[in-house]
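Data file: protein.cif. Format and content: mmCIF, C-alpha atoms and all ligand atoms.
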```
data_coords
#
loop_
_atom_site.label_atom_id
_atom_site.label_comp_id
_atom_site.auth_asym_id
_atom_site.auth_seq_id
_atom_site.Cartn_x
_atom_site.Cartn_y
_atom_site.Cartn_z
CA MET A 1480 -99.32 -148.40 -41.10
CA SER A 1481 -100.40 -144.89 -40.18
CA THR A 1482 -104.06 -144.09 -39.56
CA THR A 1483 -105.17 -140.90 -41.23
CA ILE A 1484 -107.61 -138.49 -39.61
CA ASP A 1485 -110.26 -139.46 -42.14
CA GLU A 1486 -109.84 -143.16 -41.36
CA MET A 1487 -110.36 -142.43 -37.67
CA ARG A 1488 -113.41 -140.37 -38.51
CA TRP A 1489 -114.82 -143.15 -40.67
CA LYS A 1490 -114.31 -145.65 -37.83
CA ALA A 1491 -116.32 -143.37 -35.52
CA VAL A 1492 -119.10 -143.17 -38.15
CA VAL A 1493 -119.19 -146.97 -38.54
CA ALA A 1494 -119.32 -147.34 -34.74
CA ARG A 1495 -121.92 -144.51 -34.52
CA ASP A 1496 -119.73 -143.15 -31.77
CA ALA A 1497 -121.57 -140.30 -30.01
CA ARG A 1498 -118.31 -139.23 -28.33
CA ALA A 1499 -117.19 -137.97 -31.74
CA ASN A 1500 -120.26 -135.71 -32.10
CA GLY A 1501 -119.21 -132.11 -32.55
CA GLN A 1502 -115.60 -133.06 -33.44
CA PHE A 1503 -116.41 -133.37 -37.13
CA TRP A 1504 -119.41 -133.64 -39.46
CA SER A 1505 -119.92 -136.30 -42.12
CA CYS A 1506 -121.29 -135.04 -45.41
CA VAL A 1507 -123.04 -137.48 -47.72
CA ARG A 1508 -122.58 -136.44 -51.33
CA THR A 1509 -125.41 -138.59 -52.71
CA THR A 1510 -128.09 -137.16 -50.42
CA GLY A 1511 -126.62 -133.67 -49.89
CA VAL A 1512 -127.02 -133.89 -46.11
CA TYR A 1513 -124.51 -133.61 -43.27
CA CYS A 1514 -124.71 -135.76 -40.13
CA LEU A 1515 -123.38 -136.31 -36.66
CA PRO A 1516 -120.93 -139.24 -36.44
CA SER A 1517 -123.57 -141.08 -34.36
CA CYS A 1518 -126.24 -140.87 -37.10
CA ALA A 1519 -128.14 -144.11 -37.66
CA GLY A 1520 -127.81 -143.69 -41.44
CA ARG A 1521 -125.51 -146.11 -43.25
CA PRO A 1522 -123.77 -144.18 -46.03
CA LYS A 1523 -121.13 -145.81 -48.25
CA ARG A 1524 -117.55 -144.77 -47.58
CA GLU A 1525 -117.04 -143.46 -51.11
CA ASN A 1526 -119.99 -141.05 -50.72
CA VAL A 1527 -118.78 -139.48 -47.47
CA ILE A 1528 -116.53 -136.46 -47.03
CA PHE A 1529 -115.73 -134.89 -43.68
CA ALA A 1530 -115.99 -131.30 -42.48
CA ALA A 1531 -114.10 -130.09 -39.43
CA ARG A 1532 -116.67 -127.36 -38.78
CA ARG A 1533 -120.44 -127.35 -39.20
CA ALA A 1534 -120.20 -124.01 -41.01
CA ASP A 1535 -117.89 -125.64 -43.60
CA ALA A 1536 -120.49 -128.35 -44.30
CA GLU A 1537 -123.21 -125.72 -44.68
CA ARG A 1538 -121.07 -123.47 -46.87
CA ALA A 1539 -120.41 -126.46 -49.12
CA GLY A 1540 -124.19 -126.68 -49.60
CA PHE A 1541 -125.02 -129.64 -47.33
CA ARG A 1542 -128.32 -129.53 -45.44
CA PRO A 1543 -128.75 -130.90 -41.87
CA CYS A 1544 -129.86 -134.55 -41.73
CA LYS A 1545 -133.52 -134.87 -40.66
CA ARG A 1546 -132.71 -138.00 -38.69
CA CYS A 1547 -129.75 -136.99 -36.46
CA ARG A 1548 -130.43 -133.22 -36.58
CA PRO A 1549 -126.81 -132.00 -36.46
CA ASP A 1550 -128.16 -128.43 -36.43
CA ARG A 1551 -129.59 -129.08 -32.95
CA PHE A 1552 -126.26 -130.25 -31.55
CA VAL A 1553 -124.63 -127.82 -29.08
CA SER A 1554 -121.43 -128.31 -27.10
CA GLY A 1555 -118.56 -126.26 -25.74
CA ASN A 1556 -118.68 -122.91 -24.00
CA LEU A 1557 -120.47 -119.88 -25.37
CA SER A 1558 -117.34 -118.48 -27.05
CA GLU A 1559 -116.83 -121.77 -28.88
CA ARG A 1560 -120.46 -121.91 -29.95
CA LEU A 1561 -120.40 -118.34 -31.23
CA GLY A 1562 -117.01 -119.00 -32.85
CA ALA A 1563 -118.54 -121.86 -34.86
CA ILE A 1564 -121.18 -119.58 -36.43
CA ASP A 1565 -120.53 -118.54 -40.02
CA TRP A 1566 -120.62 -114.77 -39.42
CA SER A 1567 -120.10 -113.94 -43.08
CA ARG A 1568 -123.30 -115.85 -43.90
CA VAL A 1569 -125.05 -114.06 -41.01
CA THR A 1570 -123.88 -110.71 -42.39
CA THR A 1571 -125.13 -111.57 -45.89
CA ASP A 1572 -128.54 -112.66 -44.55
CA LEU A 1573 -128.86 -109.54 -42.39
CA ASN A 1574 -127.99 -107.34 -45.35
CA GLN A 1575 -130.41 -109.14 -47.67
CA ASN A 1576 -133.39 -109.72 -45.39
CA GLY A 1577 -132.86 -107.76 -42.19
CA TRP A 1578 -132.62 -110.94 -40.17
CA ALA A 1579 -130.39 -114.01 -39.85
CA SER A 1580 -130.59 -117.30 -38.02
CA LEU A 1581 -127.65 -117.90 -35.68
CA GLY A 1582 -128.56 -121.57 -35.26
CA ARG A 1583 -128.69 -123.24 -31.89
CA ILE A 1584 -126.72 -121.43 -29.18
CA LEU A 1585 -128.33 -122.69 -25.93
CA ASN A 1586 -128.70 -126.29 -24.77
CA ASP A 1587 -131.78 -127.85 -23.15
CA SER A 1588 -130.69 -127.27 -19.56
CA GLU A 1589 -129.79 -123.62 -20.18
CA CYS A 1590 -133.24 -123.07 -21.71
CA ALA A 1591 -134.90 -124.90 -18.79
CA ASP A 1592 -132.94 -122.86 -16.20
CA LEU A 1593 -133.95 -119.57 -17.80
CA ILE A 1594 -137.61 -120.68 -17.83
CA ASP A 1595 -137.43 -121.86 -14.18
CA ASN A 1596 -135.90 -118.55 -13.24
CA TYR A 1597 -138.93 -116.70 -14.61
CA ASP A 1598 -140.66 -117.08 -11.24
CA THR A 1599 -137.70 -115.81 -9.18
CA PRO A 1600 -138.76 -112.20 -8.48
CA ASP A 1601 -135.34 -110.81 -7.43
CA CYS A 1602 -133.94 -111.26 -10.94
CA TYR A 1603 -136.28 -108.75 -12.56
CA ARG A 1604 -136.85 -105.00 -12.42
CA SER A 1605 -140.37 -105.03 -13.81
CA THR A 1606 -143.20 -107.16 -15.18
CA VAL A 1607 -145.24 -106.00 -18.15
CA HIS A 1608 -148.77 -107.31 -18.72
CA MET A 1609 -149.04 -106.87 -22.44
CA ARG A 1610 -152.80 -106.33 -22.60
CA ARG A 1611 -152.61 -103.23 -20.34
CA HIS A 1612 -150.43 -101.50 -22.91
CA SER A 1613 -152.17 -102.98 -25.97
CA PHE A 1614 -148.93 -104.81 -26.80
CA GLY A 1615 -150.82 -108.08 -27.27
CA GLU A 1616 -151.59 -110.85 -24.78
CA GLY A 1617 -149.00 -112.39 -22.52
CA GLU A 1618 -146.39 -110.98 -20.20
CA TYR A 1619 -142.72 -110.26 -19.98
CA LYS A 1620 -140.14 -109.34 -17.39
CA TYR A 1621 -137.07 -107.14 -17.71
CA PHE A 1622 -134.00 -108.46 -15.93
CA SER A 1623 -132.40 -106.21 -13.34
CA TYR A 1624 -128.66 -105.59 -12.97
CA PRO A 1625 -126.60 -107.56 -12.30
CA LEU A 1626 -127.89 -109.73 -15.14
CA PRO A 1627 -127.77 -113.50 -14.58
CA PRO A 1628 -124.26 -114.62 -15.71
CA LEU A 1629 -125.51 -116.40 -18.86
CA VAL A 1630 -127.60 -113.41 -19.96
CA ALA A 1631 -124.70 -111.01 -19.31
CA GLU A 1632 -122.32 -113.25 -21.26
CA LEU A 1633 -124.75 -113.56 -24.17
CA ARG A 1634 -125.25 -109.81 -24.31
CA THR A 1635 -121.52 -109.00 -24.24
CA LYS A 1636 -120.38 -111.67 -26.69
CA LEU A 1637 -123.25 -111.32 -29.15
CA TYR A 1638 -122.67 -107.55 -29.18
CA ALA A 1639 -119.00 -108.02 -30.06
CA ALA A 1640 -119.91 -110.45 -32.86
CA ILE A 1641 -122.59 -108.28 -34.44
CA VAL A 1642 -121.09 -104.80 -33.98
CA PRO A 1643 -119.39 -104.75 -37.43
CA VAL A 1644 -122.80 -105.08 -39.13
CA ALA A 1645 -124.23 -102.31 -36.93
CA ARG A 1646 -121.34 -100.02 -37.93
CA ALA A 1647 -121.83 -100.82 -41.63
CA TRP A 1648 -125.58 -100.17 -41.41
CA THR A 1649 -125.40 -96.82 -39.64
CA GLY A 1650 -121.92 -95.47 -40.29
CA GLN A 1651 -121.62 -94.96 -36.54
CA THR A 1652 -118.50 -95.89 -34.61
CA TYR A 1653 -119.98 -98.24 -32.03
CA PRO A 1654 -117.32 -99.27 -29.48
CA ALA A 1655 -116.02 -102.84 -29.74
CA ASP A 1656 -116.85 -103.53 -26.12
CA HIS A 1657 -120.42 -103.61 -24.77
CA ALA A 1658 -119.30 -102.02 -21.46
CA ASP A 1659 -118.21 -98.94 -23.43
CA TYR A 1660 -121.46 -98.95 -25.37
CA ARG A 1661 -123.41 -99.02 -22.07
CA ARG A 1662 -121.49 -95.90 -21.02
CA GLN A 1663 -122.60 -94.27 -24.27
CA CYS A 1664 -126.22 -95.17 -23.40
CA LYS A 1665 -125.74 -93.78 -19.89
CA ALA A 1666 -124.61 -90.42 -21.31
CA LYS A 1667 -128.06 -90.23 -22.96
CA GLY A 1668 -129.85 -91.14 -19.74
CA GLN A 1669 -130.41 -94.77 -20.76
CA THR A 1670 -129.27 -96.82 -17.78
CA ARG A 1671 -131.87 -99.54 -17.19
CA PRO A 1672 -131.24 -103.04 -18.58
CA THR A 1673 -133.42 -104.20 -21.48
CA PRO A 1674 -132.84 -107.98 -21.71
CA LEU A 1675 -136.14 -109.70 -21.04
CA ILE A 1676 -138.02 -112.97 -20.93
CA LEU A 1677 -141.41 -113.22 -22.59
CA LYS A 1678 -144.01 -115.77 -21.60
CA TYR A 1679 -147.03 -116.69 -23.69
CA GLY A 1680 -149.90 -119.14 -23.11
CA PRO A 1681 -152.79 -120.27 -25.34
CA GLY A 1682 -154.37 -117.32 -27.16
CA ASP A 1683 -151.44 -115.00 -26.43
CA TYR A 1684 -149.58 -113.08 -29.10
CA ASN A 1685 -147.19 -110.14 -29.49
CA ARG A 1686 -148.21 -107.28 -31.77
CA LEU A 1687 -145.74 -106.05 -34.38
CA HIS A 1688 -143.46 -103.56 -32.64
CA GLN A 1689 -140.00 -102.06 -32.32
CA ASP A 1690 -137.94 -102.16 -29.15
CA LEU A 1691 -136.97 -98.50 -28.87
CA TYR A 1692 -136.19 -97.20 -25.39
CA GLY A 1693 -134.78 -93.73 -26.04
CA ASP A 1694 -132.75 -91.86 -28.65
CA GLU A 1695 -129.88 -94.29 -28.46
CA VAL A 1696 -130.73 -97.33 -30.60
CA PHE A 1697 -128.40 -100.19 -31.42
CA PRO A 1698 -129.76 -101.34 -34.81
CA ILE A 1699 -129.71 -105.12 -34.29
CA GLN A 1700 -131.17 -107.29 -31.52
CA ILE A 1701 -131.31 -111.01 -30.73
CA ALA A 1702 -134.13 -113.34 -29.66
CA ILE A 1703 -133.55 -116.89 -28.40
CA LEU A 1704 -136.50 -119.27 -28.26
CA LEU A 1705 -136.53 -121.27 -25.01
CA SER A 1706 -139.41 -123.67 -25.77
CA GLN A 1707 -139.76 -126.33 -28.47
CA PRO A 1708 -142.41 -125.73 -31.16
CA GLY A 1709 -144.65 -128.74 -31.78
CA LYS A 1710 -143.85 -130.09 -28.32
CA ASP A 1711 -144.05 -127.33 -25.70
CA PHE A 1712 -146.38 -125.16 -27.78
CA ASP A 1713 -148.11 -124.82 -31.16
CA GLY A 1714 -148.51 -121.67 -33.24
CA GLY A 1715 -146.50 -118.75 -31.88
CA GLU A 1716 -144.36 -118.02 -34.93
CA PHE A 1717 -141.77 -115.28 -34.95
CA VAL A 1718 -142.89 -112.83 -37.64
CA MET A 1719 -141.33 -109.71 -39.10
CA THR A 1720 -142.48 -107.07 -41.54
CA GLU A 1721 -140.42 -104.85 -43.75
CA GLN A 1722 -141.85 -101.52 -44.84
CA SER A 1723 -140.20 -100.00 -47.91
CA PRO A 1724 -141.04 -96.46 -49.03
CA ARG A 1725 -144.21 -96.40 -51.18
CA LYS A 1726 -144.71 -100.15 -50.94
CA GLN A 1727 -146.95 -102.55 -49.03
CA SER A 1728 -145.29 -104.42 -46.17
CA ARG A 1729 -143.42 -107.65 -46.78
CA ALA A 1730 -143.96 -110.34 -44.11
CA MET A 1731 -141.30 -112.85 -43.10
CA VAL A 1732 -141.53 -115.80 -40.73
CA ALA A 1733 -138.35 -117.06 -39.06
CA PRO A 1734 -138.15 -120.76 -38.30
CA LEU A 1735 -137.02 -121.09 -34.68
CA GLU A 1736 -136.60 -124.04 -32.37
CA LYS A 1737 -135.65 -124.40 -28.73
CA GLY A 1738 -132.24 -122.82 -28.12
CA PHE A 1739 -132.07 -121.28 -31.61
CA ALA A 1740 -131.27 -117.59 -31.94
CA ILE A 1741 -132.21 -114.98 -34.52
CA ALA A 1742 -130.56 -111.61 -35.14
CA PHE A 1743 -132.84 -108.97 -36.64
CA ALA A 1744 -133.17 -105.25 -37.31
CA VAL A 1745 -134.61 -103.21 -34.44
CA ASN A 1746 -135.83 -100.31 -36.51
CA GLU A 1747 -134.39 -99.24 -39.84
CA ARG A 1748 -131.88 -100.96 -42.04
CA PRO A 1749 -130.25 -100.08 -45.35
CA LYS A 1750 -131.41 -102.02 -48.40
CA GLU A 1751 -129.73 -102.14 -51.79
CA GLY A 1752 -132.04 -101.13 -54.62
CA ALA A 1753 -131.63 -100.56 -58.36
CA ARG A 1754 -131.13 -96.83 -57.68
CA GLY A 1755 -128.86 -97.09 -54.66
CA THR A 1756 -129.33 -97.74 -50.99
CA TYR A 1757 -132.53 -96.78 -49.22
CA LYS A 1758 -133.93 -97.38 -45.74
CA VAL A 1759 -136.59 -99.90 -44.82
CA LYS A 1760 -138.40 -100.10 -41.49
CA MET A 1761 -138.78 -103.39 -39.74
CA ARG A 1762 -141.13 -104.61 -37.02
CA HIS A 1763 -141.34 -107.95 -35.26
CA GLY A 1764 -143.98 -109.85 -33.31
CA VAL A 1765 -145.36 -113.29 -32.53
CA SER A 1766 -148.47 -114.92 -33.98
CA GLU A 1767 -151.07 -116.44 -31.66
CA ILE A 1768 -150.01 -119.37 -29.51
CA ARG A 1769 -152.60 -122.11 -30.14
CA SER A 1770 -151.61 -124.39 -27.23
CA GLY A 1771 -148.95 -124.89 -24.58
CA SER A 1772 -146.51 -122.29 -23.31
CA ARG A 1773 -143.81 -120.42 -25.16
CA TYR A 1774 -140.87 -118.59 -23.57
CA CYS A 1775 -138.36 -116.39 -25.35
CA LEU A 1776 -135.23 -114.56 -24.21
CA GLY A 1777 -134.77 -111.14 -25.81
CA ILE A 1778 -131.35 -109.49 -25.92
CA ILE A 1779 -131.46 -105.80 -26.73
CA PHE A 1780 -128.13 -104.02 -26.66
CA HIS A 1781 -129.16 -100.44 -25.85
CA ASN A 1782 -130.43 -99.69 -22.36
CA ALA A 1783 -133.67 -97.92 -21.46
CA ILE A 1784 -134.40 -94.51 -19.99
O1 LIG B 1801 -141.35 -113.81 -28.21
C1 LIG B 1801 -140.72 -113.53 -29.23
O2 LIG B 1801 -140.28 -114.37 -29.99
C2 LIG B 1801 -140.49 -112.07 -29.58
C3 LIG B 1801 -139.70 -111.42 -28.54
C4 LIG B 1801 -139.48 -109.98 -28.73
O3 LIG B 1801 -140.34 -109.21 -29.06
C5 LIG B 1801 -138.14 -109.49 -28.46
O4 LIG B 1801 -137.24 -110.30 -28.15
O5 LIG B 1801 -137.93 -108.29 -28.55
FE FE B 1802 -139.51 -107.19 -29.22
#
```

Take the structure in the file and write it out as structure tokens.
Ligand SMILES: O=C(O)CCC(=O)C(=O)O
Ligand SMILES: [Fe+2]
Amino acid sequence: MSTTIDEMRWKAVVARDARANGQFWSCVRTTGVYCLPSCAGRPKRENVIFAARRADAERAGFRPCKRCRPDRFVSGNLSERLGAIDWSRVTTDLNQNGWASLGRILNDSECADLIDNYDTPDCYRSTVHMRRHSFGEGEYKYFSYPLPPLVAELRTKLYAAIVPVARAWTGQTYPADHADYRRQCKAKGQTRPTPLILKYGPGDYNRLHQDLYGDEVFPIQIAILLSQPGKDFDGGEFVMTEQSPRKQSRAMVAPLEKGFAIAFAVNERPKEGARGTYKVKMRHGVSEIRSGSRYCLGIIFHNAI
């Protein structure tokens, strides 16, 4: 008798086999959630269908299980993780709201290493004390070249993934490769690296702002939260505002967790209205941290003067 793929998958679910995590996702039709094979839930066989990719489960309308948190699961190298993201959903969200969640792209140890590295002075070109510039309370450091390998890889690969949206938004022919885009920045005198790590303690916050560092502006940037809300810190929500012509600002709060990334508009973005496309201005910031410490990695694609 031959064993079908689904029978093997069901066996792994019955055994709650953690080795199968990431290989497939079990979707429970009765509850509308999708799970890791190792989930402690006990669904009936007839209610379970399998998805080969997490994005397939989400596209089919299943929500992540609150018990096994399949949305927190990360494995594989960065290319595989980015390859598993549903970029058409990201594009739709960016076009509709000016921001999109990319889900979890860094694991616990990568987040911890980046935080530990914060106190290694040779990695950074400058430290900014936010109060001195009225940027808020807290501090951040800009990485120096050469960027740490993980930061360099994130910047290059996230650029390549998001560049089609940037082209559609601006009508500009951004090169496919970030190295070529850096040369374009250099031609405008923008040579200094902009990726940064921000560090906030109790009472700190980041005023609404835009990360513009010269005439050359890549319209989308990425932030990756390195600390876990509710555990490492409380408060400290990632907030954005959208300013439409002749309207009050609209505020948006992005739910982020440790290792989760968000893509959002740096400055302006096109918005579809009843009478055609118009431009809205976006700003982002962080509400006050009530307790603990919060670290965030910012990936900005244009360089600074
Ligand atoms: O700390 C944050 O979440 C915001 C970071 C930020 O302003 C940025 O990445 O540009
Ligand atoms: Fe920023």

If the limit is 9 Å from any atom of ligand LIG 1801 (chain B), counting only C-alpha atoms and all ligand atoms, which residues qualify? Return them as a PDB file with C-alpha atoms, in the coordinates of the input.
```pdb
ATOM      1  CA  PRO A1674    -132.840-107.980 -21.710  1.00  0.00           C
ATOM      2  CA  LEU A1675    -136.140-109.700 -21.040  1.00  0.00           C
ATOM      3  CA  ILE A1676    -138.020-112.970 -20.930  1.00  0.00           C
ATOM      4  CA  LEU A1677    -141.410-113.220 -22.590  1.00  0.00           C
ATOM      5  CA  LYS A1678    -144.010-115.770 -21.600  1.00  0.00           C
ATOM      6  CA  TYR A1679    -147.030-116.690 -23.690  1.00  0.00           C
ATOM      7  CA  TYR A1684    -149.580-113.080 -29.100  1.00  0.00           C
ATOM      8  CA  ASN A1685    -147.190-110.140 -29.490  1.00  0.00           C
ATOM      9  CA  ARG A1686    -148.210-107.280 -31.770  1.00  0.00           C
ATOM     10  CA  LEU A1687    -145.740-106.050 -34.380  1.00  0.00           C
ATOM     11  CA  HIS A1688    -143.460-103.560 -32.640  1.00  0.00           C
ATOM     12  CA  GLN A1689    -140.000-102.060 -32.320  1.00  0.00           C
ATOM     13  CA  ASP A1690    -137.940-102.160 -29.150  1.00  0.00           C
ATOM     14  CA  GLN A1700    -131.170-107.290 -31.520  1.00  0.00           C
ATOM     15  CA  ILE A1701    -131.310-111.010 -30.730  1.00  0.00           C
ATOM     16  CA  ALA A1702    -134.130-113.340 -29.660  1.00  0.00           C
ATOM     17  CA  ILE A1703    -133.550-116.890 -28.400  1.00  0.00           C
ATOM     18  CA  LEU A1704    -136.500-119.270 -28.260  1.00  0.00           C
ATOM     19  CA  GLY A1715    -146.500-118.750 -31.880  1.00  0.00           C
ATOM     20  CA  GLU A1716    -144.360-118.020 -34.930  1.00  0.00           C
ATOM     21  CA  PHE A1717    -141.770-115.280 -34.950  1.00  0.00           C
ATOM     22  CA  VAL A1718    -142.890-112.830 -37.640  1.00  0.00           C
ATOM     23  CA  LEU A1735    -137.020-121.090 -34.680  1.00  0.00           C
ATOM     24  CA  VAL A1745    -134.610-103.210 -34.440  1.00  0.00           C
ATOM     25  CA  HIS A1763    -141.340-107.950 -35.260  1.00  0.00           C
ATOM     26  CA  GLY A1764    -143.980-109.850 -33.310  1.00  0.00           C
ATOM     27  CA  VAL A1765    -145.360-113.290 -32.530  1.00  0.00           C
ATOM     28  CA  ARG A1773    -143.810-120.420 -25.160  1.00  0.00           C
ATOM     29  CA  TYR A1774    -140.870-118.590 -23.570  1.00  0.00           C
ATOM     30  CA  CYS A1775    -138.360-116.390 -25.350  1.00  0.00           C
ATOM     31  CA  LEU A1776    -135.230-114.560 -24.210  1.00  0.00           C
ATOM     32  CA  GLY A1777    -134.770-111.140 -25.810  1.00  0.00           C
ATOM     33  CA  ILE A1778    -131.350-109.490 -25.920  1.00  0.00           C
ATOM     34  CA  ILE A1779    -131.460-105.800 -26.730  1.00  0.00           C
TER      35      ILE A1779
END
```

Distance cut-off 7 Å, centre (-125.0, -132.8, -36.8) in file coordinates, counting only C-alpha atoms: which residues qualify? Return them as a compact mmCIF listing (two decimals) with C-alpha atoms, in the frame of the given file.
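So selection.txt came out as:
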```
# COMPACT_ATOMS: atom_id res chain seq x y z
CA TRP A 1504 -119.41 -133.64 -39.46
CA TYR A 1513 -124.51 -133.61 -43.27
CA CYS A 1514 -124.71 -135.76 -40.13
CA LEU A 1515 -123.38 -136.31 -36.66
CA PRO A 1543 -128.75 -130.90 -41.87
CA CYS A 1547 -129.75 -136.99 -36.46
CA ARG A 1548 -130.43 -133.22 -36.58
CA PRO A 1549 -126.81 -132.00 -36.46
CA ASP A 1550 -128.16 -128.43 -36.43
CA PHE A 1552 -126.26 -130.25 -31.55
```

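CA of Ala1640 (chain A) sits 22.9 Å away from CA of Glu1751 (chain A).
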
query = Which is closest to Lys1490 (chain A) among A:Ala1647, A:Ala1733, A:Phe1622, A:Arg1524, if we use only C-alpha atoms?
reply = A:Arg1524

request  = Just the residues within 12 Å of Ser1558 (chain A), please, counting all atoms listed in the file, with nothing from its chain fewer than 2 positions along; format it as a PyMOL selection string.
outcome  = chain A and resi 1554-1556+1560-1564+1584-1585+1629+1632-1633+1635-1637+1639-1640

Selected residues written out, C-alpha atoms, as a CSV table (one decimal), in the coordinates of the input:
```csv
chain,number,residue,atom,x,y,z
A,1554,SER,CA,-121.4,-128.3,-27.1
A,1555,GLY,CA,-118.6,-126.3,-25.7
A,1556,ASN,CA,-118.7,-122.9,-24.0
A,1560,ARG,CA,-120.5,-121.9,-30.0
A,1561,LEU,CA,-120.4,-118.3,-31.2
A,1562,GLY,CA,-117.0,-119.0,-32.8
A,1563,ALA,CA,-118.5,-121.9,-34.9
A,1564,ILE,CA,-121.2,-119.6,-36.4
A,1584,ILE,CA,-126.7,-121.4,-29.2
A,1585,LEU,CA,-128.3,-122.7,-25.9
A,1629,LEU,CA,-125.5,-116.4,-18.9
A,1632,GLU,CA,-122.3,-113.2,-21.3
A,1633,LEU,CA,-124.8,-113.6,-24.2
A,1635,THR,CA,-121.5,-109.0,-24.2
A,1636,LYS,CA,-120.4,-111.7,-26.7
A,1637,LEU,CA,-123.2,-111.3,-29.2
A,1639,ALA,CA,-119.0,-108.0,-30.1
A,1640,ALA,CA,-119.9,-110.4,-32.9
```

message = At a cut-off of 7 Å, using all atoms listed in the file, what residues contact region 1666-1669 of chain A? Leave out same-chain residues fewer than 6 positions from it and give the result as a VMD selection string.
response = chain A and resid 1693 1782 to 1784

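Going from CA of Val1512 (chain A) over to CA of Arg1538 (chain A), you cover 12.0 Å.
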
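Going from CA of Arg1495 (chain A) to CA of Arg1521 (chain A) covers 9.6 Å.
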
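Residue nearest Gly1582 (chain A) within the list A:His1657, A:Lys1710, A:His1612, A:Arg1533: A:Arg1533 [criterion: smallest interatomic distance, only C-alpha atoms].
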
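If all atoms listed in the file are the atoms counted, then among A:Arg1769, A:Arg1498, A:Lys1620, A:Arg1725 the closest residue to Asp1713 (chain A) is A:Arg1769.
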
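Proximity of A:Met1609, A:Cys1664, A:Ile1768, A:Ala1579 to ligand FE 1802 (chain B), computed with only C-alpha atoms and all ligand atoms, is greatest for A:Met1609.
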
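Of the listed residues (A:Pro1749, A:Tyr1621, A:Pro1643, A:Gln1727), A:Tyr1621 comes nearest to ligand FE 1802 (chain B); the distances count all atoms listed in the file.
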
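Using all atoms listed in the file, the nearest neighbour of ligand FE 1802 (chain B) within the list A:Asn1746, A:Asn1596, A:Ser1623, A:Thr1483 is A:Asn1746.
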
Using only C-alpha atoms, which residues sit within 12 Å of Trp1648 (chain A) once same-chain residues fewer than 5 positions away are excluded, as an mmCIF file with C-alpha atoms, keeping the file's coordinate frame?
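result-v9.cif was written with the following content:
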```
data_model
loop_
_atom_site.group_PDB
_atom_site.id
_atom_site.type_symbol
_atom_site.label_atom_id
_atom_site.label_comp_id
_atom_site.auth_asym_id
_atom_site.auth_seq_id
_atom_site.Cartn_x
_atom_site.Cartn_y
_atom_site.Cartn_z
ATOM 1 C CA THR A 1570 -123.880 -110.710 -42.390
ATOM 2 C CA LEU A 1573 -128.860 -109.540 -42.390
ATOM 3 C CA ASN A 1574 -127.990 -107.340 -45.350
ATOM 4 C CA GLN A 1575 -130.410 -109.140 -47.670
ATOM 5 C CA GLY A 1577 -132.860 -107.760 -42.190
ATOM 6 C CA ILE A 1641 -122.590 -108.280 -34.440
ATOM 7 C CA VAL A 1642 -121.090 -104.800 -33.980
ATOM 8 C CA PRO A 1643 -119.390 -104.750 -37.430
ATOM 9 C CA TYR A 1653 -119.980 -98.240 -32.030
ATOM 10 C CA PHE A 1697 -128.400 -100.190 -31.420
ATOM 11 C CA PRO A 1698 -129.760 -101.340 -34.810
ATOM 12 C CA ILE A 1699 -129.710 -105.120 -34.290
ATOM 13 C CA ALA A 1744 -133.170 -105.250 -37.310
ATOM 14 C CA VAL A 1745 -134.610 -103.210 -34.440
ATOM 15 C CA ASN A 1746 -135.830 -100.310 -36.510
ATOM 16 C CA GLU A 1747 -134.390 -99.240 -39.840
ATOM 17 C CA ARG A 1748 -131.880 -100.960 -42.040
ATOM 18 C CA PRO A 1749 -130.250 -100.080 -45.350
ATOM 19 C CA LYS A 1750 -131.410 -102.020 -48.400
ATOM 20 C CA GLU A 1751 -129.730 -102.140 -51.790
ATOM 21 C CA THR A 1756 -129.330 -97.740 -50.990
ATOM 22 C CA TYR A 1757 -132.530 -96.780 -49.220
ATOM 23 C CA LYS A 1758 -133.930 -97.380 -45.740
ATOM 24 C CA VAL A 1759 -136.590 -99.900 -44.820
#
```

request  = Compute the distance from (-120.4, -128.1, -46.8) to each atom, counting only C-alpha atoms, keep the residues with any atom at most 12 Å away, and return them as a list in words; use the coordinates of the file.
outcome  = Phe1503, Trp1504, Ser1505, Cys1506, Val1507, Arg1508, Gly1511, Val1512, Tyr1513, Cys1514, Val1527, Ile1528, Phe1529, Ala1530, Ala1531, Arg1532, Arg1533, Ala1534, Asp1535, Ala1536, Glu1537, Arg1538, Ala1539, Gly1540, Phe1541, Arg1542, Pro1543 and Asp1565 of chain A
